[in-house]
Amino acid sequence: MVEAAQQRGASLGVMENLRYMQRVRVARWLIDHDSLGAIQMIARWGIGTPEWSPNRIVAETPWRHQKLLAGARATLDIGVRLLHELRYLAGPIDTISGVTRIFEPIRWLPPLATRRTSTATTNLEPYED
């Protein structure tokens with residue numbers, strides 16, 4: 001894609017939304033102004049967002065909680081965004097590892113005026129890479 005853009009004189013950029021979050025921009029500013037010293041390691045963790053996790057059906061899409069439908073699970077779903085954020089902050093990554101855990105095996109959607117409360121049971125196993 002870079003070569004094709006260069007050959008055509010076109011602009012090419014990454015439009016990943018995490019890069020533009022205030023906390024990421026502040027971290028990038030601190031790194032650029034040498035306020036943190038040389039970056040040797042970044043630890044990134046989370047249990048989701050207040051809207052989606054740990055006990056809610058992600059984005060009203062129950063398929064994300066089913067092994068055969070979800071595919072690569074969070075690694076592919078949100079992982080690419082988190083890796084982009086890490087690379088934006090620290091540059092090339094030498095080593096990465098991760099651990100997952102299911103905190104809430106039954107997820108729910110809050111009731112709305114147009115539907116009853118619904119639930120989804122996850123059958124995704126935790127894994128460690």
# chains A, B, ... in the order shown; residues from 1 in each chain; ligands from 1
$ closest_atom_pairs --of "stretch 55-113 of chain A" --to "stretch 21-33 of chain A" --cutoff "8 Å" --atoms "only C-alpha atoms" --output "CSV"
residue,atom,partner,partner_atom,distance
A:Glu85,CA,A:Val24,CA,7.6
A:Tyr88,CA,A:Arg28,CA,7.9
A:Leu89,CA,A:Arg28,CA,5.7
$ select_by_dssp --residues "chain A" --states "alpha helix (DSSP H)" --output "ChimeraX atom specification"
/A:2-8,22-32,67-70,73-77,79-90
$ closest_residue --among "A:Arg107, A:His84, A:Arg8, A:Arg101" --to "A:Tyr20" --atoms "only C-alpha atoms"
A:His84
$ closest_residue --among "A:Gly71, A:Thr119, A:Gln66, A:Asn55" --to "A:Glu104" --atoms "only C-alpha atoms"
A:Asn55
$ select_by_dssp --residues "stretch 2-129 of chain A" --states "strand (DSSP E or B)" --output "list in words"
Arg56, Val99, Ile106, Arg107, Trp108, Leu109, Leu112, Arg115, Ser118, Thr119, Ala120, Thr121 and Glu128 of chain A
$ write_last_selection --atoms "C-alpha atoms" --output "compact mmCIF listing (two decimals), in the first residue's frame"
# COMPACT_ATOMS: atom_id res chain seq x y z
CA ARG A 56 -22.24 -7.49 28.87
CA VAL A 99 -2.99 -13.80 29.09
CA ILE A 106 -22.80 -15.27 31.06
CA ARG A 107 -23.12 -11.93 29.29
CA TRP A 108 -26.27 -9.84 29.06
CA LEU A 109 -27.90 -7.05 27.11
CA LEU A 112 -34.75 -1.65 26.13
CA ARG A 115 -36.95 -5.96 23.78
CA SER A 118 -31.27 -11.23 26.61
CA THR A 119 -28.19 -13.23 27.55
CA ALA A 120 -25.36 -15.06 25.82
CA THR A 121 -23.09 -17.67 27.35
CA GLU A 128 -1.93 -17.70 27.23
$ closest_residue --among "A:Leu68, A:Val2, A:Leu18, A:Leu36" --to "A:Leu83" --atoms "only C-alpha atoms"
A:Leu18
$ atom_distance --atom1 "atom CA of A:Ile57" --atom2 "atom CA of A:Thr122"
9.4 Å
$ residues_around --residues "A:Thr75" --least-positions-apart "5" --cutoff "10 Å" --atoms "only C-alpha atoms" --output "PyMOL selection string"
chain A and resi 80-83+98+100
$ decode --residues "stretch 87-114 of chain A" --atoms "N, CA and C atoms" --output "compact mmCIF listing (two decimals), in the first residue's frame"
# COMPACT_ATOMS: atom_id res chain seq x y z
N ARG A 87 2.59 0.22 19.11
CA ARG A 87 3.62 0.56 18.12
C ARG A 87 3.70 2.07 17.91
N TYR A 88 2.58 2.75 17.97
CA TYR A 88 2.58 4.21 17.85
C TYR A 88 3.37 4.84 18.99
N LEU A 89 3.21 4.30 20.19
CA LEU A 89 3.89 4.86 21.35
C LEU A 89 5.36 4.45 21.44
N ALA A 90 5.66 3.19 21.17
CA ALA A 90 7.00 2.69 21.47
C ALA A 90 7.81 2.29 20.25
N GLY A 91 7.22 2.28 19.07
CA GLY A 91 7.95 1.85 17.89
C GLY A 91 7.86 0.35 17.71
N PRO A 92 8.80 -0.23 16.95
CA PRO A 92 8.76 -1.67 16.70
C PRO A 92 8.76 -2.48 18.00
N ILE A 93 8.02 -3.58 17.98
CA ILE A 93 7.89 -4.43 19.16
C ILE A 93 8.81 -5.64 19.01
N ASP A 94 9.63 -5.89 20.02
CA ASP A 94 10.54 -7.04 20.00
C ASP A 94 9.85 -8.30 20.51
N THR A 95 9.13 -8.19 21.61
CA THR A 95 8.50 -9.34 22.24
C THR A 95 7.14 -8.93 22.78
N ILE A 96 6.19 -9.85 22.67
CA ILE A 96 4.86 -9.58 23.21
C ILE A 96 4.33 -10.86 23.83
N SER A 97 3.58 -10.72 24.90
CA SER A 97 2.92 -11.87 25.51
C SER A 97 1.58 -11.42 26.06
N GLY A 98 0.71 -12.37 26.26
CA GLY A 98 -0.62 -12.01 26.75
C GLY A 98 -1.28 -13.16 27.47
N VAL A 99 -2.21 -12.83 28.33
CA VAL A 99 -2.99 -13.80 29.09
C VAL A 99 -4.44 -13.33 29.06
N THR A 100 -5.36 -14.24 28.89
CA THR A 100 -6.77 -13.89 28.95
C THR A 100 -7.46 -14.71 30.02
N ARG A 101 -8.58 -14.20 30.49
CA ARG A 101 -9.38 -14.91 31.47
C ARG A 101 -10.84 -14.53 31.29
N ILE A 102 -11.72 -15.48 31.46
CA ILE A 102 -13.15 -15.19 31.40
C ILE A 102 -13.61 -14.87 32.83
N PHE A 103 -14.01 -13.65 33.06
CA PHE A 103 -14.49 -13.24 34.38
C PHE A 103 -15.98 -13.52 34.54
N GLU A 104 -16.72 -13.35 33.47
CA GLU A 104 -18.17 -13.50 33.51
C GLU A 104 -18.61 -14.40 32.36
N PRO A 105 -18.88 -15.68 32.60
CA PRO A 105 -19.24 -16.58 31.49
C PRO A 105 -20.61 -16.27 30.88
N ILE A 106 -21.50 -15.64 31.61
CA ILE A 106 -22.80 -15.27 31.06
C ILE A 106 -22.83 -13.76 30.87
N ARG A 107 -23.08 -13.36 29.64
CA ARG A 107 -23.12 -11.93 29.29
C ARG A 107 -24.56 -11.54 29.05
N TRP A 108 -24.88 -10.27 29.19
CA TRP A 108 -26.27 -9.84 29.06
C TRP A 108 -26.36 -8.53 28.29
N LEU A 109 -27.53 -8.33 27.71
CA LEU A 109 -27.90 -7.05 27.11
C LEU A 109 -28.93 -6.42 28.02
N PRO A 110 -28.79 -5.16 28.36
CA PRO A 110 -29.80 -4.53 29.19
C PRO A 110 -31.12 -4.42 28.44
N PRO A 111 -32.24 -4.45 29.16
CA PRO A 111 -33.54 -4.35 28.48
C PRO A 111 -33.74 -2.95 27.89
N LEU A 112 -34.34 -2.91 26.76
CA LEU A 112 -34.75 -1.65 26.13
C LEU A 112 -36.27 -1.68 25.99
N ALA A 113 -36.82 -0.57 25.62
CA ALA A 113 -38.27 -0.51 25.46
C ALA A 113 -38.76 -1.50 24.41
N THR A 114 -37.88 -1.85 23.46
CA THR A 114 -38.32 -2.70 22.35
C THR A 114 -37.97 -4.18 22.52
